[in-house]
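Enquirer: File follows, entry.tsv with TSV, C-alpha atoms:
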```
chain	number	residue	atom	x	y	z
G	1	MET	CA	97.38	165.91	36.22
G	2	SER	CA	100.24	165.22	38.58
G	3	GLU	CA	99.43	162.43	40.99
G	4	PRO	CA	101.46	160.04	43.11
G	5	ALA	CA	102.88	157.29	40.93
G	6	ASP	CA	101.15	153.92	40.91
G	7	THR	CA	103.97	151.65	41.95
G	8	GLN	CA	102.23	148.31	41.56
G	9	LEU	CA	103.72	146.27	38.71
G	10	VAL	CA	101.79	145.52	35.54
G	11	PRO	CA	101.50	141.71	35.29
G	12	PRO	CA	102.17	139.83	32.06
G	13	SER	CA	99.17	139.83	29.71
G	14	SER	CA	97.23	136.57	29.74
G	15	VAL	CA	94.48	137.27	27.18
G	16	VAL	CA	95.73	139.24	24.19
G	17	LEU	CA	93.67	140.74	21.40
G	18	VAL	CA	95.53	140.93	18.05
G	19	SER	CA	94.01	142.91	15.19
G	20	GLY	CA	94.91	141.86	11.66
G	21	GLY	CA	95.99	138.46	12.91
G	22	SER	CA	95.36	136.41	9.79
G	23	ARG	CA	98.58	136.85	7.83
G	24	GLY	CA	102.06	138.33	7.79
G	25	LEU	CA	103.33	139.83	11.03
G	26	GLY	CA	99.92	139.55	12.72
G	27	LEU	CA	99.76	135.79	12.13
G	28	ALA	CA	103.37	135.45	13.33
G	29	ILE	CA	102.45	137.33	16.54
G	30	VAL	CA	99.42	135.09	17.15
G	31	THR	CA	101.54	131.96	16.59
G	32	ASP	CA	104.32	133.18	18.85
G	33	LEU	CA	101.96	134.15	21.70
G	34	LEU	CA	100.24	130.76	21.52
G	35	ASP	CA	103.64	129.07	21.76
G	36	ALA	CA	104.24	131.15	24.89
G	37	GLY	CA	101.04	129.79	26.46
G	38	VAL	CA	98.98	132.97	26.10
G	39	ARG	CA	95.26	132.99	25.27
G	40	VAL	CA	94.82	134.86	22.02
G	41	ALA	CA	91.88	136.54	20.33
G	42	ALA	CA	92.61	137.37	16.71
G	43	PHE	CA	90.46	139.08	14.17
G	44	ALA	CA	90.92	140.14	10.58
G	45	ARG	CA	88.72	141.09	7.68
G	46	THR	CA	89.27	137.63	6.22
G	47	ILE	CA	90.15	134.58	8.28
G	48	THR	CA	92.88	132.68	6.45
G	49	PRO	CA	93.31	128.89	6.51
G	50	GLU	CA	96.50	129.47	8.56
G	51	LEU	CA	94.57	131.25	11.30
G	52	GLU	CA	91.77	128.68	11.16
G	53	LYS	CA	94.35	125.93	11.64
G	54	LEU	CA	95.70	127.63	14.77
G	55	ALA	CA	92.18	127.97	16.12
G	56	ALA	CA	91.55	124.26	15.51
G	57	GLU	CA	94.83	123.29	17.20
G	58	HIS	CA	94.15	125.33	20.34
G	59	PRO	CA	90.37	125.41	20.69
G	60	ASP	CA	90.51	126.41	24.36
G	61	ARG	CA	93.04	129.20	23.90
G	62	VAL	CA	92.16	130.87	20.61
G	63	HIS	CA	89.16	132.87	19.53
G	64	VAL	CA	89.05	134.11	15.94
G	65	GLY	CA	86.59	136.29	14.15
G	66	SER	CA	86.03	137.99	10.84
G	67	VAL	CA	85.91	141.67	11.74
G	68	ASP	CA	86.90	144.75	9.79
G	69	VAL	CA	88.89	146.93	12.18
G	70	THR	CA	87.00	150.01	10.99
G	71	ASP	CA	83.68	148.44	12.04
G	72	LEU	CA	83.57	149.51	15.69
G	73	ARG	CA	80.27	147.78	16.42
G	74	ALA	CA	81.59	144.45	15.12
G	75	ALA	CA	84.79	144.96	17.11
G	76	GLN	CA	82.70	145.58	20.24
G	77	SER	CA	80.75	142.35	19.92
G	78	PHE	CA	83.96	140.47	19.13
G	79	VAL	CA	85.49	141.78	22.38
G	80	ARG	CA	82.43	140.61	24.33
G	81	GLU	CA	82.66	137.12	22.74
G	82	VAL	CA	86.34	136.96	23.62
G	83	GLU	CA	85.71	137.88	27.24
G	84	GLN	CA	83.09	135.17	27.54
G	85	ARG	CA	85.28	132.49	25.98
G	86	LEU	CA	88.79	133.38	27.12
G	87	GLY	CA	88.34	135.77	30.04
G	88	PRO	CA	88.97	139.50	30.37
G	89	ILE	CA	91.35	141.01	27.82
G	90	ASP	CA	94.49	142.42	29.42
G	91	GLY	CA	96.65	142.93	26.35
G	92	ILE	CA	96.14	144.35	22.89
G	93	VAL	CA	98.29	144.37	19.79
G	94	ASN	CA	97.15	146.96	17.27
G	95	ASN	CA	98.53	145.39	14.14
G	96	ALA	CA	95.82	145.72	11.46
G	97	ALA	CA	96.79	148.29	8.84
G	98	MET	CA	96.57	148.97	5.16
G	99	GLY	CA	99.54	149.92	3.02
G	100	GLN	CA	100.02	152.59	0.44
G	101	ASP	CA	101.99	152.85	-2.75
G	102	SER	CA	101.17	156.09	-4.49
G	103	LEU	CA	102.61	159.57	-4.71
G	104	HIS	CA	100.66	161.96	-2.48
G	105	ALA	CA	99.73	164.22	-5.42
G	106	HIS	CA	98.16	161.27	-7.21
G	107	THR	CA	96.46	159.53	-4.28
G	108	ALA	CA	92.67	159.86	-4.42
G	109	THR	CA	91.32	161.86	-1.47
G	110	GLU	CA	89.02	158.98	-0.52
G	111	ASP	CA	92.05	156.67	-0.38
G	112	ILE	CA	93.80	159.07	2.02
G	113	ALA	CA	90.70	159.04	4.22
G	114	ARG	CA	90.56	155.22	4.14
G	115	ILE	CA	94.23	154.87	5.13
G	116	ILE	CA	93.73	157.25	8.08
G	117	GLU	CA	90.53	155.53	9.16
G	118	THR	CA	92.09	152.05	9.06
G	119	ASN	CA	95.54	152.84	10.45
G	120	LEU	CA	94.86	155.65	12.92
G	121	THR	CA	91.18	156.15	13.82
G	122	ALA	CA	90.33	152.43	14.09
G	123	PRO	CA	93.23	151.44	16.37
G	124	LEU	CA	92.59	154.47	18.61
G	125	GLN	CA	88.93	153.46	18.92
G	126	LEU	CA	89.77	149.79	19.52
G	127	THR	CA	92.28	150.81	22.18
G	128	ARG	CA	89.70	153.06	23.83
G	129	LEU	CA	87.20	150.21	23.84
G	130	VAL	CA	89.63	147.78	25.46
G	131	ILE	CA	91.10	150.18	28.03
G	132	ARG	CA	87.59	151.18	29.13
G	133	ARG	CA	86.89	147.54	29.89
G	134	MET	CA	90.24	147.06	31.63
G	135	LEU	CA	89.82	150.21	33.74
G	136	ALA	CA	86.27	149.25	34.68
G	137	LYS	CA	87.48	145.88	35.94
G	138	GLY	CA	90.51	147.36	37.71
G	139	LEU	CA	92.79	145.34	35.43
G	140	ARG	CA	96.34	146.22	34.56
G	141	GLY	CA	97.53	145.46	31.07
G	142	ARG	CA	99.79	146.03	28.12
G	143	ILE	CA	99.27	147.76	24.81
G	144	VAL	CA	101.55	147.25	21.82
G	145	ASN	CA	101.08	149.32	18.70
G	146	ILE	CA	102.71	147.97	15.55
G	147	THR	CA	103.87	151.01	13.65
G	148	SER	CA	106.67	151.38	11.12
G	149	ILE	CA	110.00	152.99	10.50
G	150	CYS	CA	107.95	155.26	8.22
G	151	GLY	CA	106.77	157.07	11.35
G	152	GLN	CA	110.28	158.41	11.82
G	153	ARG	CA	111.96	158.39	8.42
G	154	GLY	CA	110.72	159.49	5.03
G	155	PHE	CA	109.87	157.20	2.13
G	156	PRO	CA	108.28	158.25	-1.17
G	157	GLY	CA	104.87	156.79	-1.92
G	158	LEU	CA	103.97	156.41	1.76
G	159	VAL	CA	102.89	159.90	2.83
G	160	ALA	CA	99.46	159.16	4.35
G	161	TYR	CA	100.68	155.80	5.66
G	162	SER	CA	103.63	157.50	7.39
G	163	ALA	CA	101.32	160.11	8.91
G	164	THR	CA	99.22	157.35	10.52
G	165	LYS	CA	102.25	155.49	11.84
G	166	GLY	CA	103.82	158.65	13.28
G	167	GLY	CA	100.40	159.42	14.75
G	168	MET	CA	100.24	156.06	16.52
G	169	ASP	CA	103.78	156.55	17.87
G	170	ALA	CA	102.71	159.91	19.27
G	171	ALA	CA	99.54	158.39	20.76
G	172	THR	CA	101.70	155.71	22.39
G	173	ARG	CA	103.63	158.33	24.36
G	174	SER	CA	100.57	160.26	25.50
G	175	LEU	CA	98.67	157.10	26.38
G	176	ALA	CA	101.59	155.86	28.48
G	177	ARG	CA	101.43	159.13	30.44
G	178	GLU	CA	97.67	159.12	30.69
G	179	LEU	CA	97.42	155.54	31.94
G	180	GLY	CA	99.77	156.35	34.79
G	181	GLY	CA	101.55	153.03	35.01
G	182	ARG	CA	98.38	150.94	35.11
G	183	MET	CA	99.13	149.88	31.58
G	184	LEU	CA	102.40	149.74	29.72
G	185	VAL	CA	102.01	151.24	26.26
G	186	ASN	CA	104.69	150.86	23.58
G	187	SER	CA	105.15	150.83	19.83
G	188	VAL	CA	107.16	148.36	17.80
G	189	ALA	CA	108.31	149.92	14.54
G	190	PRO	CA	109.64	147.36	12.06
G	191	GLY	CA	111.67	148.25	9.02
G	192	PHE	CA	110.50	146.95	5.68
G	193	PHE	CA	109.55	143.32	5.28
G	194	ALA	CA	110.60	141.42	2.19
G	195	SER	CA	106.99	140.40	1.66
G	196	GLU	CA	103.53	141.90	1.86
G	197	MET	CA	103.25	145.60	2.44
G	198	SER	CA	106.80	146.39	1.48
G	199	ALA	CA	106.15	145.12	-1.98
G	200	VAL	CA	105.10	148.77	-2.00
G	201	LEU	CA	108.64	149.96	-2.34
G	202	GLY	CA	109.59	148.18	-5.51
G	203	PRO	CA	112.69	146.04	-6.04
G	204	THR	CA	115.12	148.93	-6.63
G	205	GLN	CA	114.26	150.71	-3.41
G	206	LEU	CA	114.33	147.45	-1.44
G	207	ASP	CA	117.79	146.59	-2.83
G	208	GLN	CA	118.96	150.03	-1.77
G	209	ILE	CA	117.62	149.53	1.77
G	210	VAL	CA	119.32	146.12	2.02
G	211	ARG	CA	122.64	147.65	0.91
G	212	ARG	CA	122.34	150.30	3.62
G	213	THR	CA	121.37	147.84	6.36
G	214	PRO	CA	124.29	146.80	8.58
G	215	THR	CA	122.69	143.38	9.22
G	216	GLY	CA	122.40	142.93	5.44
G	217	HIS	CA	118.78	141.81	5.24
G	218	LEU	CA	115.22	143.09	5.39
G	219	THR	CA	113.28	142.48	8.58
G	220	GLU	CA	111.43	139.17	8.96
G	221	PRO	CA	108.28	138.80	11.09
G	222	VAL	CA	110.04	136.26	13.37
G	223	GLU	CA	112.60	138.96	14.20
G	224	VAL	CA	109.81	141.21	15.46
G	225	THR	CA	107.63	138.75	17.42
G	226	PRO	CA	110.08	138.32	20.35
G	227	VAL	CA	109.99	142.08	20.94
G	228	VAL	CA	106.18	142.13	20.94
G	229	ARG	CA	106.14	139.15	23.30
G	230	MET	CA	108.63	140.84	25.64
G	231	LEU	CA	106.49	143.98	25.83
G	232	LEU	CA	103.40	141.89	26.60
G	233	ARG	CA	104.94	139.37	28.97
G	234	GLU	CA	108.18	140.44	30.61
G	235	HIS	CA	108.67	142.60	33.67
G	236	THR	CA	110.41	145.63	32.25
G	237	ASN	CA	110.06	149.31	32.90
G	238	ILE	CA	109.72	150.06	29.19
G	239	ASN	CA	106.78	152.41	28.72
G	240	GLY	CA	105.86	154.99	26.10
G	241	GLN	CA	108.66	153.91	23.78
G	242	VAL	CA	108.98	153.18	20.09
G	243	ILE	CA	111.26	150.21	19.53
G	244	VAL	CA	112.66	150.11	16.02
G	245	VAL	CA	113.43	146.68	14.57
G	246	ASP	CA	115.23	147.31	11.29
G	247	GLY	CA	118.79	146.03	11.56
G	248	ALA	CA	120.01	149.64	11.93
G	249	ALA	CA	118.94	150.52	8.39
G	250	SER	CA	117.65	153.86	9.64
G	251	ILE	CA	120.59	154.70	11.89
Y	252	MET	CA	84.60	163.23	-20.88
Y	253	ASN	CA	87.03	165.59	-22.52
Y	254	GLU	CA	89.95	163.31	-23.39
Y	255	LEU	CA	93.41	164.15	-24.72
Y	256	SER	CA	94.85	162.21	-27.64
Y	257	ARG	CA	98.26	160.62	-27.58
Y	258	ALA	CA	99.56	163.43	-29.84
Y	259	GLN	CA	98.19	166.13	-27.50
Y	260	ILE	CA	99.84	164.44	-24.53
Y	261	ARG	CA	103.07	164.29	-26.50
Y	262	ASP	CA	102.87	168.08	-27.00
Y	263	LEU	CA	102.39	168.62	-23.27
Y	264	MET	CA	105.32	166.32	-22.55
Y	265	ALA	CA	107.49	168.37	-24.90
Y	266	GLN	CA	106.49	171.52	-22.98
Y	267	VAL	CA	107.40	169.99	-19.62
Y	268	LEU	CA	110.85	169.13	-21.00
Y	269	LYS	CA	111.26	172.46	-22.78
Y	270	ASN	CA	110.78	174.30	-19.47
Y	271	GLN	CA	113.89	172.48	-18.29
Y	272	ASP	CA	115.77	173.22	-21.54
Y	273	LYS	CA	115.44	169.61	-22.60
Y	274	GLU	CA	114.15	168.25	-25.86
Y	275	LEU	CA	111.60	165.50	-26.44
Y	276	PRO	CA	112.92	163.08	-29.11
Y	277	ALA	CA	110.56	162.06	-31.92
Y	278	ASP	CA	111.24	158.39	-31.25
Y	279	ASP	CA	108.76	156.75	-28.85
Y	280	ALA	CA	111.43	154.21	-27.93
Y	281	ALA	CA	113.70	156.93	-26.46
Y	282	GLN	CA	114.70	156.11	-22.86
Y	283	LEU	CA	113.44	158.51	-20.17
Y	284	ARG	CA	116.66	158.03	-18.26
Y	285	GLU	CA	118.63	159.43	-21.21
Y	286	ILE	CA	116.27	162.37	-21.76
Y	287	GLY	CA	116.25	163.21	-18.06
Y	288	PHE	CA	112.48	162.80	-17.58
Y	289	ARG	CA	111.99	161.84	-13.93
Y	290	SER	CA	109.04	160.67	-11.86
Y	291	LEU	CA	108.12	164.18	-10.71
Y	292	ASP	CA	108.18	165.27	-14.36
Y	293	PHE	CA	105.64	162.54	-14.93
Y	294	SER	CA	103.59	164.03	-12.07
Y	295	GLU	CA	103.78	167.45	-13.69
Y	296	LEU	CA	102.68	166.03	-17.02
Y	297	ALA	CA	99.79	164.11	-15.44
Y	298	LEU	CA	98.64	167.31	-13.68
Y	299	ARG	CA	98.80	169.22	-16.97
Y	300	VAL	CA	96.62	166.54	-18.56
Y	301	GLU	CA	94.23	166.91	-15.58
Y	302	ASP	CA	94.09	170.66	-16.17
Y	303	GLU	CA	93.09	170.11	-19.77
Y	304	THR	CA	90.47	167.43	-19.11
Y	305	GLY	CA	89.19	168.53	-15.70
Y	306	GLU	CA	89.42	164.95	-14.45
Y	307	GLU	CA	91.74	163.81	-11.65
Y	308	LEU	CA	94.25	161.15	-12.64
Y	309	ASN	CA	95.13	159.09	-9.59
Y	310	PHE	CA	97.39	156.07	-9.81
Y	311	ASP	CA	99.59	153.76	-7.76
Y	312	ALA	CA	103.36	153.81	-7.90
Y	313	PRO	CA	103.94	150.34	-9.42
Y	314	GLY	CA	102.52	151.57	-12.73
Y	315	LEU	CA	104.87	154.51	-12.58
Y	316	ARG	CA	107.88	152.29	-11.94
Y	317	ARG	CA	107.23	150.29	-15.13
Y	318	ILE	CA	107.58	153.39	-17.28
Y	319	ALA	CA	110.92	153.48	-19.12
Y	320	THR	CA	110.37	155.06	-22.54
Y	321	VAL	CA	108.53	158.03	-24.04
Y	322	GLY	CA	106.03	155.59	-25.51
Y	323	ASP	CA	105.39	154.11	-22.04
Y	324	VAL	CA	104.53	157.58	-20.70
Y	325	LEU	CA	102.07	158.26	-23.49
Y	326	ASP	CA	100.49	154.80	-23.26
Y	327	PHE	CA	100.12	155.10	-19.50
Y	328	LEU	CA	98.42	158.51	-19.66
Y	329	VAL	CA	96.10	157.47	-22.48
Y	330	GLU	CA	95.16	154.40	-20.43
Y	331	LEU	CA	94.71	156.42	-17.21
Y	332	GLN	CA	92.18	158.65	-18.89
Y	333	HIS	CA	90.04	155.58	-19.58
Y	334	GLN	CA	89.92	154.50	-15.92
```
Let's see the structure in the file written out as structure tokens.

Expert:
Amino acid sequence: MSEPADTQLVPPSSVVLVSGGSRGLGLAIVTDLLDAGVRVAAFARTITPELEKLAAEHPDRVHVGSVDVTDLRAAQSFVREVEQRLGPIDGIVNNAAMGQDSLHAHTATEDIARIIETNLTAPLQLTRLVIRRMLAKGLRGRIVNITSICGQRGFPGLVAYSATKGGMDAATRSLARELGGRMLVNSVAPGFFASEMSAVLGPTQLDQIVRRTPTGHLTEPVEVTPVVRMLLREHTNINGQVIVVDGAASI
Amino acid sequence: MNELSRAQIRDLMAQVLKNQDKELPADDAAQLREIGFRSLDFSELALRVEDETGEELNFDAPGLRRIATVGDVLDFLVELQHQ
């Protein structure tokens, strides 16, 4: 469909939904957005004490819930709760994901299905749910998909995981086109973190990545949060892009 | 379940190496690095065990990374069959 461009600017997001917001990068994103004065709705399978503490500190600006991202019905009622408490959602960060650490030949088929459901199907459905509500209300908004350098470069032991991350990067581009400037849609693709999911690579592989990284260190969540915040809050013309944050390890 | 013994797995391991003109030492403490038995050779061996038993052997990579000797390979595959 070729239509006249929508030239109205997309305002900064004021109510942001963050999936997988209870630990690691997700928790760092929630913390950073709260510091920036944004209202934040965060869900995760398990609410950690860290997330509970944030909710207690900002009772009027945070809504948290225990929701499995693959449970669409639960996600739907969470979104309704959020809208009642914080107002209409005009930003979403698709961060919830599960890792992988197994050679493709020896990964159980049900595990492959679970990785795809959690990392690809669920965020696409959550995004659909939220953009339907935004479109219905005539809202403009921002979408940030947290993907991974795995979507662009190969790493052993992460075949299904990489497929989902590359899939989300591809969806980002098509969604940016489809939403015709009403919403800005981008991916942020971090390199490997020292903690959490990148424990998947094992110490030898991580040492190798550090040696090959011009900045000399693995990515830290606090090095990624400003980029997410910029995409949600700043007036830029960045749309349909994948921004890699990996210290040039992959260059 | 049809299960392979440690000795049967050792025979299969010797075949995998023989196909690459390599020899499996009798000593379980022999280092895989020195023999030239790599992670995809482990995959091949695991798949051969699967063929014999008819049961899929799926496993995560951390277990694989801990394997350093011939004995480790045999122990790991014996253990995997019990899972």

Enquirer: May I ask which of the residues G:Pro12, G:Gly180, G:Gly157, G:Pro123 is the closest one to Gly99 in chain G, counting only C-alpha atoms?

Expert: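 Between G:Pro12, G:Gly180, G:Gly157, G:Pro123, the residue approaching Gly99 in chain G most closely is G:Gly157.
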
Enquirer: Return the neighbours of chain Y among the residues of chain G, cut-off 12 Å, counting all atoms listed in the file, as a PDB file with C-alpha atoms, keeping the file's coordinate frame.

Expert:
```pdb
ATOM      1  CA  GLY G  99      99.540 149.920   3.020  1.00  0.00           C
ATOM      2  CA  GLN G 100     100.020 152.590   0.440  1.00  0.00           C
ATOM      3  CA  ASP G 101     101.990 152.850  -2.750  1.00  0.00           C
ATOM      4  CA  SER G 102     101.170 156.090  -4.490  1.00  0.00           C
ATOM      5  CA  LEU G 103     102.610 159.570  -4.710  1.00  0.00           C
ATOM      6  CA  HIS G 104     100.660 161.960  -2.480  1.00  0.00           C
ATOM      7  CA  ALA G 105      99.730 164.220  -5.420  1.00  0.00           C
ATOM      8  CA  HIS G 106      98.160 161.270  -7.210  1.00  0.00           C
ATOM      9  CA  THR G 107      96.460 159.530  -4.280  1.00  0.00           C
ATOM     10  CA  ALA G 108      92.670 159.860  -4.420  1.00  0.00           C
ATOM     11  CA  THR G 109      91.320 161.860  -1.470  1.00  0.00           C
ATOM     12  CA  GLU G 110      89.020 158.980  -0.520  1.00  0.00           C
ATOM     13  CA  ASP G 111      92.050 156.670  -0.380  1.00  0.00           C
ATOM     14  CA  ILE G 112      93.800 159.070   2.020  1.00  0.00           C
ATOM     15  CA  PRO G 156     108.280 158.250  -1.170  1.00  0.00           C
ATOM     16  CA  GLY G 157     104.870 156.790  -1.920  1.00  0.00           C
ATOM     17  CA  LEU G 158     103.970 156.410   1.760  1.00  0.00           C
ATOM     18  CA  SER G 198     106.800 146.390   1.480  1.00  0.00           C
ATOM     19  CA  ALA G 199     106.150 145.120  -1.980  1.00  0.00           C
ATOM     20  CA  VAL G 200     105.100 148.770  -2.000  1.00  0.00           C
ATOM     21  CA  LEU G 201     108.640 149.960  -2.340  1.00  0.00           C
ATOM     22  CA  GLY G 202     109.590 148.180  -5.510  1.00  0.00           C
ATOM     23  CA  PRO G 203     112.690 146.040  -6.040  1.00  0.00           C
ATOM     24  CA  THR G 204     115.120 148.930  -6.630  1.00  0.00           C
ATOM     25  CA  GLN G 205     114.260 150.710  -3.410  1.00  0.00           C
TER      26      GLN G 205
END
```

Enquirer: Write out as a PDB file with C-alpha atoms, in the coordinates of the input the residues lying within 12 Å of Leu263 in chain Y, counting all atoms listed in the file and excluding same-chain residues fewer than 4 positions away.

Expert:
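selection.pdb, written as the output of this step:
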```pdb
ATOM      1  CA  LEU Y 255      93.410 164.150 -24.720  1.00  0.00           C
ATOM      2  CA  SER Y 256      94.850 162.210 -27.640  1.00  0.00           C
ATOM      3  CA  ARG Y 257      98.260 160.620 -27.580  1.00  0.00           C
ATOM      4  CA  ALA Y 258      99.560 163.430 -29.840  1.00  0.00           C
ATOM      5  CA  GLN Y 259      98.190 166.130 -27.500  1.00  0.00           C
ATOM      6  CA  VAL Y 267     107.400 169.990 -19.620  1.00  0.00           C
ATOM      7  CA  LEU Y 268     110.850 169.130 -21.000  1.00  0.00           C
ATOM      8  CA  LYS Y 269     111.260 172.460 -22.780  1.00  0.00           C
ATOM      9  CA  ASN Y 270     110.780 174.300 -19.470  1.00  0.00           C
ATOM     10  CA  LEU Y 275     111.600 165.500 -26.440  1.00  0.00           C
ATOM     11  CA  ASP Y 292     108.180 165.270 -14.360  1.00  0.00           C
ATOM     12  CA  PHE Y 293     105.640 162.540 -14.930  1.00  0.00           C
ATOM     13  CA  GLU Y 295     103.780 167.450 -13.690  1.00  0.00           C
ATOM     14  CA  LEU Y 296     102.680 166.030 -17.020  1.00  0.00           C
ATOM     15  CA  ALA Y 297      99.790 164.110 -15.440  1.00  0.00           C
ATOM     16  CA  LEU Y 298      98.640 167.310 -13.680  1.00  0.00           C
ATOM     17  CA  ARG Y 299      98.800 169.220 -16.970  1.00  0.00           C
ATOM     18  CA  VAL Y 300      96.620 166.540 -18.560  1.00  0.00           C
ATOM     19  CA  GLU Y 301      94.230 166.910 -15.580  1.00  0.00           C
ATOM     20  CA  ASP Y 302      94.090 170.660 -16.170  1.00  0.00           C
ATOM     21  CA  GLU Y 303      93.090 170.110 -19.770  1.00  0.00           C
ATOM     22  CA  VAL Y 324     104.530 157.580 -20.700  1.00  0.00           C
ATOM     23  CA  LEU Y 325     102.070 158.260 -23.490  1.00  0.00           C
ATOM     24  CA  LEU Y 328      98.420 158.510 -19.660  1.00  0.00           C
TER      25      LEU Y 328
END
```

Enquirer: Give me, as a count of residues only, all polymer residues having an atom no more than 7 Å from Ser19 in chain G, counting only C-alpha atoms and skipping those fewer than 6 positions away in the same chain.

Expert: 7

Enquirer: What does the distance between CA of Arg114 in chain G and CA of Glu178 in chain G come to in Å, to one decimal place?

Expert: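 Interatomic distance here is 27.8 Å.
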
Enquirer: Separation of CA of Leu27 in chain G and CA of Pro221 in chain G, in Å?

Expert: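 Pair CA of Leu27 in chain G / CA of Pro221 in chain G returns 9.1 Å.
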
Enquirer: Mind giving me the straight-line distance from CA of Arg233 in chain G to CA of Ser14 in chain G in Å, one decimal?

Expert: 8.2 Å

Enquirer: Which residue is closest to Asp35 in chain G? Choose from G:Val210, G:Leu9, G:Val79, G:Val62 and count all atoms listed in the file.

Expert: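 Looking at the shortest contact to Asp35 in chain G, the residue is G:Val62.
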
Enquirer: Taking only C-alpha atoms into account, name the residue in Y:Thr320, Y:Glu306, Y:His333, Y:Phe327 that is nearest to Ile260 in chain Y.

Expert: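 Comparing Y:Thr320, Y:Glu306, Y:His333, Y:Phe327 against Ile260 in chain Y, the winner is Y:Phe327.
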
Enquirer: If the box runs along x, y and z of the file and leaves 4 Å on each side of range 147-165 of chain G, what are its centre and edge lengths in Å, one decimal, as JSON?

Expert:
```
{"center_x": 105.6, "center_y": 155.6, "center_z": 5.9, "size_x": 20.7, "size_y": 17.1, "size_z": 23.6}
```

Enquirer: Tell me, as a PyMOL selection string, which residues lie within 12 Å of Arg142 in chain G, counting all atoms listed in the file; anything in the same chain fewer than 2 positions away does not count.

Expert: chain G and resi 9-17+89-94+127+130-131+134+139-140+144-145+172+175-176+179+181-187+228-240

Enquirer: Using all atoms listed in the file, can you list as a ChimeraX atom specification the residues within 9 Å of (88.5, 133.2, 29.8)?

Expert: /G:15,39,60-61,82-89

Enquirer: Export range 66-70 of chain G from the structure block above, keeping all heavy atoms, as a compact mmCIF listing (two decimals), in the first residue's frame.

Expert:
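Wrote it out as out-v4.txt, contents follow:
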```txt
# COMPACT_ATOMS: atom_id res chain seq x y z
N SER G 66 2.48 -10.79 37.69
CA SER G 66 3.11 -12.07 37.39
C SER G 66 2.38 -12.70 36.20
O SER G 66 1.29 -13.24 36.35
CB SER G 66 3.03 -12.96 38.63
OG SER G 66 3.30 -14.29 38.26
N VAL G 67 3.00 -12.57 35.03
CA VAL G 67 2.38 -13.06 33.80
C VAL G 67 3.44 -13.79 32.97
O VAL G 67 4.56 -13.29 32.81
CB VAL G 67 1.83 -11.88 32.95
CG1 VAL G 67 1.32 -12.36 31.60
CG2 VAL G 67 0.74 -11.14 33.70
N ASP G 68 3.10 -14.95 32.49
CA ASP G 68 3.98 -15.65 31.55
C ASP G 68 3.69 -15.10 30.17
O ASP G 68 2.53 -15.07 29.74
CB ASP G 68 3.68 -17.16 31.61
CG ASP G 68 4.63 -17.97 30.74
OD1 ASP G 68 5.03 -17.49 29.67
OD2 ASP G 68 4.97 -19.09 31.16
N VAL G 69 4.73 -14.66 29.48
CA VAL G 69 4.52 -13.96 28.20
C VAL G 69 3.80 -14.84 27.17
O VAL G 69 3.16 -14.34 26.25
CB VAL G 69 5.88 -13.41 27.66
CG1 VAL G 69 6.76 -14.53 27.14
CG2 VAL G 69 5.65 -12.37 26.57
N THR G 70 3.88 -16.15 27.35
CA THR G 70 3.22 -17.04 26.40
C THR G 70 1.73 -17.22 26.72
O THR G 70 1.02 -17.87 25.98
CB THR G 70 3.89 -18.44 26.36
OG1 THR G 70 3.76 -19.04 27.65
CG2 THR G 70 5.35 -18.33 25.99
```
